[in-house]
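Asks: File name final11.cif; file contents mmCIF, C-alpha atoms and all ligand atoms; full text below.
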data_coords
#
loop_
_atom_site.group_PDB
_atom_site.id
_atom_site.type_symbol
_atom_site.label_atom_id
_atom_site.label_comp_id
_atom_site.auth_asym_id
_atom_site.auth_seq_id
_atom_site.Cartn_x
_atom_site.Cartn_y
_atom_site.Cartn_z
ATOM 1 C CA MET A 23 6.642 -0.342 16.771
ATOM 2 C CA PRO A 24 3.740 -2.808 16.764
ATOM 3 C CA GLU A 25 2.105 -2.453 13.342
ATOM 4 C CA LEU A 26 -0.902 -4.109 11.725
ATOM 5 C CA PRO A 27 0.434 -7.715 11.897
ATOM 6 C CA GLU A 28 1.400 -7.357 15.558
ATOM 7 C CA VAL A 29 -1.930 -5.822 16.615
ATOM 8 C CA GLU A 30 -3.815 -8.419 14.546
ATOM 9 C CA THR A 31 -1.885 -11.147 16.388
ATOM 10 C CA VAL A 32 -2.645 -9.593 19.777
ATOM 11 C CA LYS A 33 -6.333 -9.452 18.855
ATOM 12 C CA ASN A 34 -6.426 -13.070 17.681
ATOM 13 C CA GLU A 35 -4.527 -14.448 20.660
ATOM 14 C CA LEU A 36 -6.313 -12.361 23.288
ATOM 15 C CA ALA A 37 -9.796 -13.213 22.004
ATOM 16 C CA PRO A 38 -10.144 -16.758 23.422
ATOM 17 C CA PHE A 39 -9.311 -15.444 26.918
ATOM 18 C CA ALA A 40 -11.221 -12.159 26.754
ATOM 19 C CA LEU A 41 -14.439 -12.853 24.847
ATOM 20 C CA GLY A 42 -17.441 -13.153 27.144
ATOM 21 C CA ARG A 43 -15.416 -12.158 30.210
ATOM 22 C CA LYS A 44 -16.383 -9.296 32.479
ATOM 23 C CA PHE A 45 -14.043 -6.601 33.804
ATOM 24 C CA THR A 46 -13.986 -6.807 37.595
ATOM 25 C CA GLY A 47 -11.372 -4.129 38.118
ATOM 26 C CA VAL A 48 -8.602 -2.064 36.663
ATOM 27 C CA THR A 49 -5.374 -1.076 38.402
ATOM 28 C CA LEU A 50 -3.653 1.950 36.920
ATOM 29 C CA LEU A 51 0.033 1.936 37.786
ATOM 30 C CA TRP A 52 0.536 4.978 35.558
ATOM 31 C CA GLU A 53 -2.580 7.118 35.123
ATOM 32 C CA GLY A 54 -1.261 8.875 32.019
ATOM 33 C CA ILE A 55 -2.148 5.778 30.032
ATOM 34 C CA VAL A 56 -5.854 6.767 30.057
ATOM 35 C CA LYS A 57 -6.473 9.257 27.292
ATOM 36 C CA GLU A 58 -10.250 9.501 27.645
ATOM 37 C CA PRO A 59 -12.449 9.933 29.741
ATOM 38 C CA SER A 60 -11.275 10.944 33.256
ATOM 39 C CA ILE A 61 -9.634 8.302 35.445
ATOM 40 C CA VAL A 62 -12.695 8.130 37.690
ATOM 41 C CA GLU A 63 -15.088 7.681 34.768
ATOM 42 C CA PHE A 64 -12.791 5.237 33.018
ATOM 43 C CA ARG A 65 -12.689 2.979 36.031
ATOM 44 C CA SER A 66 -16.356 3.242 36.980
ATOM 45 C CA HIS A 67 -17.635 2.718 33.423
ATOM 46 C CA LEU A 68 -15.295 -0.170 32.605
ATOM 47 C CA VAL A 69 -15.875 -2.292 35.684
ATOM 48 C CA GLY A 70 -18.888 -4.605 35.299
ATOM 49 C CA GLN A 71 -18.862 -4.546 31.509
ATOM 50 C CA LYS A 72 -18.538 -7.739 29.497
ATOM 51 C CA ILE A 73 -16.329 -8.057 26.405
ATOM 52 C CA THR A 74 -18.508 -8.980 23.434
ATOM 53 C CA GLY A 75 -16.074 -8.521 20.570
ATOM 54 C CA LEU A 76 -12.501 -7.757 19.573
ATOM 55 C CA SER A 77 -11.538 -5.989 16.383
ATOM 56 C CA ARG A 78 -8.695 -4.001 14.930
ATOM 57 C CA HIS A 79 -8.593 -0.809 12.922
ATOM 58 C CA GLY A 80 -5.141 0.157 11.717
ATOM 59 C CA LYS A 81 -2.924 -0.177 14.777
ATOM 60 C CA TYR A 82 -5.842 0.252 17.199
ATOM 61 C CA LEU A 83 -7.249 -2.704 19.113
ATOM 62 C CA ILE A 84 -10.944 -2.296 19.883
ATOM 63 C CA LEU A 85 -12.885 -4.219 22.546
ATOM 64 C CA THR A 86 -16.648 -3.969 22.236
ATOM 65 C CA LEU A 87 -18.387 -3.933 25.606
ATOM 66 C CA THR A 88 -21.948 -4.634 26.742
ATOM 67 C CA GLY A 89 -22.722 -1.093 27.840
ATOM 68 C CA ASP A 90 -22.289 0.319 24.300
ATOM 69 C CA ASP A 91 -18.794 1.360 25.288
ATOM 70 C CA LEU A 92 -15.631 0.566 23.370
ATOM 71 C CA LEU A 93 -12.269 0.063 24.996
ATOM 72 C CA VAL A 94 -9.723 1.286 22.454
ATOM 73 C CA ILE A 95 -6.055 0.419 22.946
ATOM 74 C CA HIS A 96 -3.010 1.690 21.073
ATOM 75 C CA LEU A 97 0.296 -0.021 21.852
ATOM 76 C CA LYS A 98 2.344 2.763 20.187
ATOM 77 C CA MET A 99 6.127 2.280 20.349
ATOM 78 C CA SER A 100 6.644 -0.425 22.918
ATOM 79 C CA GLY A 101 3.331 -1.702 24.310
ATOM 80 C CA SER A 102 2.326 -5.325 24.871
ATOM 81 C CA LEU A 103 -0.803 -6.880 26.341
ATOM 82 C CA LEU A 104 0.187 -9.888 28.424
ATOM 83 C CA LEU A 105 -2.152 -12.514 29.840
ATOM 84 C CA SER A 106 -1.638 -13.730 33.362
ATOM 85 C CA ARG A 107 -3.518 -16.709 34.758
ATOM 86 C CA ASP A 108 -1.707 -16.863 38.114
ATOM 87 C CA SER A 109 -1.009 -14.448 40.956
ATOM 88 C CA LYS A 110 2.502 -13.433 39.898
ATOM 89 C CA GLU A 111 3.514 -9.801 40.249
ATOM 90 C CA PRO A 112 3.039 -7.756 37.080
ATOM 91 C CA PRO A 113 6.248 -7.531 35.032
ATOM 92 C CA ARG A 114 8.369 -4.390 35.137
ATOM 93 C CA TYR A 115 6.974 -1.482 33.095
ATOM 94 C CA THR A 116 3.358 -2.617 33.566
ATOM 95 C CA ARG A 117 1.231 0.554 33.361
ATOM 96 C CA ALA A 118 -2.260 -0.939 33.778
ATOM 97 C CA VAL A 119 -3.755 -4.234 34.938
ATOM 98 C CA PHE A 120 -7.186 -5.299 33.703
ATOM 99 C CA HIS A 121 -8.864 -7.873 35.963
ATOM 100 C CA LEU A 122 -11.359 -10.308 34.428
ATOM 101 C CA ASP A 123 -14.070 -12.280 36.236
ATOM 102 C CA ASP A 124 -12.356 -15.677 35.826
ATOM 103 C CA GLY A 125 -9.201 -14.448 37.548
ATOM 104 C CA THR A 126 -7.320 -13.727 34.326
ATOM 105 C CA ARG A 127 -5.402 -10.479 34.302
ATOM 106 C CA ILE A 128 -4.238 -8.538 31.268
ATOM 107 C CA PHE A 129 -1.078 -6.506 31.850
ATOM 108 C CA PHE A 130 -0.497 -3.474 29.654
ATOM 109 C CA ARG A 131 3.288 -3.408 29.685
ATOM 110 C CA ASP A 132 4.842 -0.387 28.034
ATOM 111 C CA PRO A 133 8.456 0.606 28.780
ATOM 112 C CA ARG A 134 8.304 3.856 26.825
ATOM 113 C CA LYS A 135 4.880 5.029 28.055
ATOM 114 C CA PHE A 136 3.507 6.081 24.664
ATOM 115 C CA GLY A 137 0.662 3.529 24.749
ATOM 116 C CA ARG A 138 -2.857 4.798 25.434
ATOM 117 C CA VAL A 139 -6.388 3.564 26.207
ATOM 118 C CA TRP A 140 -9.726 5.215 25.564
ATOM 119 C CA LEU A 141 -13.232 4.315 26.702
ATOM 120 C CA VAL A 142 -15.643 5.816 24.185
ATOM 121 C CA LYS A 143 -19.140 5.350 22.775
ATOM 122 C CA ASP A 144 -18.110 6.194 19.226
ATOM 123 C CA VAL A 145 -14.850 4.720 17.970
ATOM 124 C CA THR A 146 -14.581 7.245 15.146
ATOM 125 C CA THR A 147 -13.765 9.937 17.700
ATOM 126 C CA VAL A 148 -10.433 8.091 18.009
ATOM 127 C CA THR A 149 -9.974 6.551 14.550
ATOM 128 C CA SER A 150 -11.638 9.083 12.227
ATOM 129 C CA LYS A 151 -8.429 10.028 10.461
ATOM 130 C CA LEU A 152 -7.490 6.481 9.460
ATOM 131 C CA GLY A 153 -7.231 5.576 5.798
ATOM 132 C CA PRO A 154 -8.403 2.263 4.293
ATOM 133 C CA GLU A 155 -7.516 -1.122 5.770
ATOM 134 C CA PRO A 156 -4.922 -2.678 3.451
ATOM 135 C CA LEU A 157 -6.169 -6.258 3.844
ATOM 136 C CA GLU A 158 -9.866 -5.496 3.335
ATOM 137 C CA SER A 159 -11.515 -6.054 -0.037
ATOM 138 C CA GLU A 160 -12.260 -2.359 -0.511
ATOM 139 C CA PHE A 161 -8.522 -1.727 -0.712
ATOM 140 C CA THR A 162 -7.586 -2.312 -4.348
ATOM 141 C CA PRO A 163 -4.697 -1.216 -6.605
ATOM 142 C CA GLN A 164 -7.019 1.546 -7.832
ATOM 143 C CA VAL A 165 -7.531 2.800 -4.279
ATOM 144 C CA LEU A 166 -3.783 2.779 -3.659
ATOM 145 C CA ALA A 167 -3.201 4.674 -6.928
ATOM 146 C CA GLN A 168 -5.769 7.255 -5.839
ATOM 147 C CA ARG A 169 -4.126 7.688 -2.425
ATOM 148 C CA LEU A 170 -0.694 8.279 -4.007
ATOM 149 C CA LYS A 171 -1.885 10.428 -6.900
ATOM 150 C CA ASN A 172 -0.291 13.886 -7.132
ATOM 151 C CA ARG A 173 1.495 13.370 -3.830
ATOM 152 C CA LYS A 174 4.987 14.843 -3.701
ATOM 153 C CA ALA A 175 5.913 13.237 -0.372
ATOM 154 C CA PRO A 176 8.255 10.212 -0.451
ATOM 155 C CA VAL A 177 6.316 7.003 -0.986
ATOM 156 C CA LYS A 178 7.871 5.639 2.225
ATOM 157 C CA ALA A 179 6.386 8.510 4.241
ATOM 158 C CA LEU A 180 2.991 8.071 2.581
ATOM 159 C CA LEU A 181 2.911 4.349 3.393
ATOM 160 C CA CYS A 182 3.581 5.197 7.052
ATOM 161 C CA ASP A 183 0.928 7.949 7.078
ATOM 162 C CA GLN A 184 -2.092 6.425 8.852
ATOM 163 C CA SER A 185 -4.474 8.720 6.974
ATOM 164 C CA VAL A 186 -3.242 7.326 3.635
ATOM 165 C CA ILE A 187 -3.360 3.619 4.619
ATOM 166 C CA ALA A 188 -4.090 2.266 8.099
ATOM 167 C CA GLY A 189 -1.733 -0.032 9.943
ATOM 168 C CA ILE A 190 1.586 0.145 8.094
ATOM 169 C CA GLY A 191 4.623 1.546 9.888
ATOM 170 C CA ASN A 192 8.349 1.730 9.453
ATOM 171 C CA MET A 193 9.170 -1.989 9.203
ATOM 172 C CA TYR A 194 6.495 -3.112 6.791
ATOM 173 C CA ALA A 195 6.835 -0.012 4.606
ATOM 174 C CA ASP A 196 10.540 -0.851 4.106
ATOM 175 C CA GLU A 197 9.732 -4.500 3.394
ATOM 176 C CA ALA A 198 6.921 -3.700 0.952
ATOM 177 C CA LEU A 199 9.020 -1.152 -0.972
ATOM 178 C CA PHE A 200 11.872 -3.636 -1.266
ATOM 179 C CA ALA A 201 9.513 -6.377 -2.475
ATOM 180 C CA ALA A 202 8.120 -3.929 -5.053
ATOM 181 C CA SER A 203 11.633 -2.696 -6.110
ATOM 182 C CA ILE A 204 10.681 0.927 -5.418
ATOM 183 C CA HIS A 205 13.060 3.509 -3.946
ATOM 184 C CA PRO A 206 11.683 4.876 -0.653
ATOM 185 C CA LEU A 207 12.293 8.510 -1.650
ATOM 186 C CA ARG A 208 10.283 8.352 -4.883
ATOM 187 C CA PRO A 209 7.438 10.883 -4.697
ATOM 188 C CA GLY A 210 4.156 8.991 -4.262
ATOM 189 C CA GLY A 211 2.662 10.621 -7.333
ATOM 190 C CA SER A 212 5.563 9.546 -9.573
ATOM 191 C CA LEU A 213 4.724 5.841 -9.458
ATOM 192 C CA ILE A 214 3.401 4.451 -12.732
ATOM 193 C CA GLN A 215 0.484 2.039 -12.746
ATOM 194 C CA GLU A 216 2.684 -1.036 -12.950
ATOM 195 C CA GLU A 217 4.641 0.112 -9.885
ATOM 196 C CA VAL A 218 1.481 0.822 -7.944
ATOM 197 C CA GLU A 219 0.281 -2.701 -8.735
ATOM 198 C CA ARG A 220 3.603 -4.163 -7.624
ATOM 199 C CA LEU A 221 3.444 -2.134 -4.417
ATOM 200 C CA TYR A 222 -0.128 -3.236 -3.791
ATOM 201 C CA ASP A 223 0.855 -6.914 -4.140
ATOM 202 C CA ALA A 224 3.930 -6.347 -1.963
ATOM 203 C CA ILE A 225 1.834 -4.774 0.809
ATOM 204 C CA GLN A 226 -0.569 -7.717 0.762
ATOM 205 C CA GLN A 227 2.163 -10.340 0.821
ATOM 206 C CA THR A 228 4.300 -8.572 3.408
ATOM 207 C CA LEU A 229 1.454 -8.064 5.878
ATOM 208 C CA ARG A 230 -0.060 -11.523 5.401
ATOM 209 C CA ALA A 231 3.304 -13.253 5.833
ATOM 210 C CA ALA A 232 3.958 -11.248 9.003
ATOM 211 C CA ILE A 233 0.548 -12.168 10.431
ATOM 212 C CA SER A 234 1.182 -15.850 9.791
ATOM 213 C CA ASN A 235 4.505 -15.419 11.637
ATOM 214 C CA LYS A 236 2.672 -13.730 14.549
ATOM 215 C CA GLY A 237 4.362 -10.373 14.091
ATOM 216 C CA ALA A 238 7.930 -9.156 14.450
ATOM 217 C CA SER A 239 9.708 -8.896 17.806
ATOM 218 C CA ILE A 240 12.445 -6.386 17.103
ATOM 219 C CA VAL A 241 12.438 -4.444 20.357
ATOM 220 C CA SER A 242 9.774 -5.106 22.934
ATOM 221 C CA TYR A 243 6.767 -6.652 21.233
ATOM 222 C CA TYR A 244 5.441 -9.774 22.919
ATOM 223 C CA ARG A 245 2.387 -11.844 22.087
ATOM 224 C CA PRO A 246 -0.290 -12.126 24.830
ATOM 225 C CA GLY A 247 1.137 -15.446 26.012
ATOM 226 C CA GLY A 248 4.590 -13.872 26.386
ATOM 227 C CA GLU A 249 6.059 -15.455 23.239
ATOM 228 C CA THR A 250 7.835 -13.427 20.572
ATOM 229 C CA GLY A 251 6.778 -13.262 16.937
ATOM 230 C CA THR A 252 9.072 -14.548 14.193
ATOM 231 C CA ALA A 253 8.263 -12.233 11.260
ATOM 232 C CA HIS A 254 11.553 -10.343 11.661
ATOM 233 C CA PHE A 255 13.541 -13.478 10.821
ATOM 234 C CA GLU A 256 12.161 -13.126 7.300
ATOM 235 C CA PHE A 257 12.859 -9.425 6.886
ATOM 236 C CA LYS A 258 14.861 -8.713 3.748
ATOM 237 C CA VAL A 259 15.883 -5.121 4.510
ATOM 238 C CA ALA A 260 13.973 -3.752 7.528
ATOM 239 C CA HIS A 261 16.346 -3.160 10.443
ATOM 240 C CA GLY A 262 19.047 -4.562 8.157
ATOM 241 C CA ARG A 263 21.988 -2.695 9.631
ATOM 242 C CA ASN A 264 25.252 -4.301 8.466
ATOM 243 C CA LYS A 265 23.350 -6.801 6.335
ATOM 244 C CA ASN A 266 23.544 -7.423 2.631
ATOM 245 C CA CYS A 267 20.714 -7.465 0.122
ATOM 246 C CA PRO A 268 19.408 -11.041 -0.281
ATOM 247 C CA ASN A 269 18.910 -10.422 -4.019
ATOM 248 C CA CYS A 270 22.159 -8.796 -5.133
ATOM 249 C CA GLY A 271 24.502 -9.090 -2.140
ATOM 250 C CA ARG A 272 25.254 -5.368 -1.902
ATOM 251 C CA PRO A 273 25.160 -3.669 1.521
ATOM 252 C CA ILE A 274 21.731 -2.490 2.609
ATOM 253 C CA GLN A 275 21.682 1.279 3.086
ATOM 254 C CA ARG A 276 20.049 3.284 5.846
ATOM 255 C CA ILE A 277 18.778 6.788 5.105
ATOM 256 C CA PRO A 278 16.432 9.080 7.011
ATOM 257 C CA VAL A 279 13.047 9.621 5.359
ATOM 258 C CA ARG A 280 11.092 12.257 7.293
ATOM 259 C CA ASN A 281 13.168 11.338 10.358
ATOM 260 C CA ARG A 282 12.481 7.620 10.100
ATOM 261 C CA GLY A 283 15.410 5.265 9.643
ATOM 262 C CA THR A 284 14.754 3.650 6.283
ATOM 263 C CA TYR A 285 16.490 0.553 4.954
ATOM 264 C CA PHE A 286 16.696 -0.267 1.272
ATOM 265 C CA CYS A 287 18.940 -1.670 -1.480
ATOM 266 C CA PRO A 288 20.181 1.057 -3.852
ATOM 267 C CA LYS A 289 20.707 -1.500 -6.645
ATOM 268 C CA CYS A 290 17.369 -3.338 -6.409
ATOM 269 C CA GLN A 291 15.399 -0.172 -5.616
ATOM 270 C CA PRO A 292 16.823 2.390 -8.044
ATOM 271 C CA ALA A 293 16.010 6.083 -7.599
ATOM 272 C CA THR A 294 14.582 6.451 -11.113
HETATM 273 ZN ZN ZN B 1 19.845 -5.622 -3.939
#
Now that the file is in, can you turn its structure into structure tokens?
Replies:
Amino acid sequence: MPELPEVETVKNELAPFALGRKFTGVTLLWEGIVKEPSIVEFRSHLVGQKITGLSRHGKYLILTLTGDDLLVIHLKMSGSLLLSRDSKEPPRYTRAVFHLDDGTRIFFRDPRKFGRVWLVKDVTTVTSKLGPEPLESEFTPQVLAQRLKNRKAPVKALLCDQSVIAGIGNMYADEALFAASIHPLRPGGSLIQEEVERLYDAIQQTLRAAISNKGASIVSYYRPGGETGTAHFEFKVAHGRNKNCPNCGRPIQRIPVRNRGTYFCPKCQPAT
């Protein structure tokens, strides 16, 4: 569920508390959260390392550490990283606790247990399949056109495909397609240049607006301080069950696109 704007928010809001701090311990309440390396190596390599940088690639959060290691975190469906400055018990569904040298703890809370962490030397072993970053300058309408060219898959599915573009998921794909007046089932390769340009602008605006609203808290996304984001209050169609289109007033429809619940307005996003 957390997509680019949510992970960007987590990165920004975690940074002031994490940068320059050293890991003094890690408590794994569910060992399955560690994807790589082994539990023993994960713990022994992490402890003692200082956090020198935080970055994001797609939906991955990346902490650069002093020992040339990178702590890579993916929140997947339901993960949150929560800061704790007191000695309270970790909240329910906490799978890992990272202890920092000033007493701060970071709880990895994840009800559905899809979230994962990696400790690697080379981040591309985890993120090699990711497509371009939509908010970086190298992502242009031409790049988007190239990524969609000749593709028969529905444009909605392509937007959610992390190897096509990094960071967009179900919510922001629906919002961007609505803003661009493009039907989610249109084959990617069928978009004309003007539509690609509209979609490009819609992606930019949708993601930037969501970042300034600190992400969307639909199910279980919380910001590091425990607050919710407010981006979902501005959603036009995403998760718009029983809502009407803000442009034309007709009921928003929900259809499956490659098994993902997809919300759109059949009038404002015509099939042809
Ligand atoms: Zn409409």
Asks: Hey, which residues sit close to ligand ZN 1 (chain B)? Say within 7 Å, counting all atoms listed in the file, and write them as a PyMOL selection string.
Replies: chain A and resi 267-272+287-290
Asks: Using CA of Phe136 (chain A) and CA of Tyr82 (chain A) as the two end points, give the distance in Å to one decimal.
Replies: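 Distance reported for this atom pair: 13.3 Å.
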Asks: Select, from A:Glu219, A:Glu197, A:Asp123, A:Glu35, the residue with the minimum atom-to-atom distance to Thr284 (chain A), counting only C-alpha atoms.
Replies: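 Counting only C-alpha atoms, the residue closest to Thr284 (chain A) is A:Glu197.
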Asks: Write out as a PyMOL selection string each polymer residue whose atoms come within 10 Å of region 138-152 of chain A, counting all atoms listed in the file; drop sequence neighbours fewer than 6 positions from it.
Replies: chain A and resi 53-60+63-65+67-68+79-87+89-98+101+117-118+130+132+183-189
Asks: Figure out the distance between CA of Ala175 (chain A) and CA of Glu217 (chain A), please, to one decimal in Å.
Replies: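 A separation of 16.3 Å between them.
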Asks: Between A:Ile277, A:Tyr285, A:Leu103, A:Thr74, which one has atoms that come closest to Arg245 (chain A), using only C-alpha atoms?
Replies: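 Between A:Ile277, A:Tyr285, A:Leu103, A:Thr74, the residue approaching Arg245 (chain A) most closely is A:Leu103.
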Asks: Taking into account only C-alpha atoms, which residue in the set A:Thr252, A:Asn264, A:Asn172, A:Ser212 is nearest to Asn235 (chain A)?
Replies: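 For Asn235 (chain A), the nearest of the given residues is A:Thr252.
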Asks: Between CA of Gly191 (chain A) and CA of Leu105 (chain A), what is the distance, to one decimal in Å?
Replies: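 Distance between the two atoms: 25.3 Å.
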Asks: What does the PyMOL selection byres (((chain A and resi 44-47) around 8) and not hetatm) select in this file, as a count of residues only?
Replies: 15
Asks: Restricting the calculation to all atoms listed in the file: of A:Val177, A:Ile190, A:Val241, A:Pro273, which residue gets closest to Gly153 (chain A)?
Replies: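 Smallest distance to Gly153 (chain A) is found for A:Ile190.
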Asks: Skipping near chain neighbours, those fewer than 6 positions away, what residues fall within 12 Å of region 278-282 of chain A using only C-alpha atoms, listed as an MDAnalysis selection string?
Replies: chainID A and resid 23 175:183 191:193 195:196 205:209 260:261
Asks: Go through A:Gly137, A:Pro27, A:Gly283, A:Pro38 and flag the residue nearest Ile233 (chain A), using all atoms listed in the file for the distances.
Replies: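 Closest candidate: A:Pro27.
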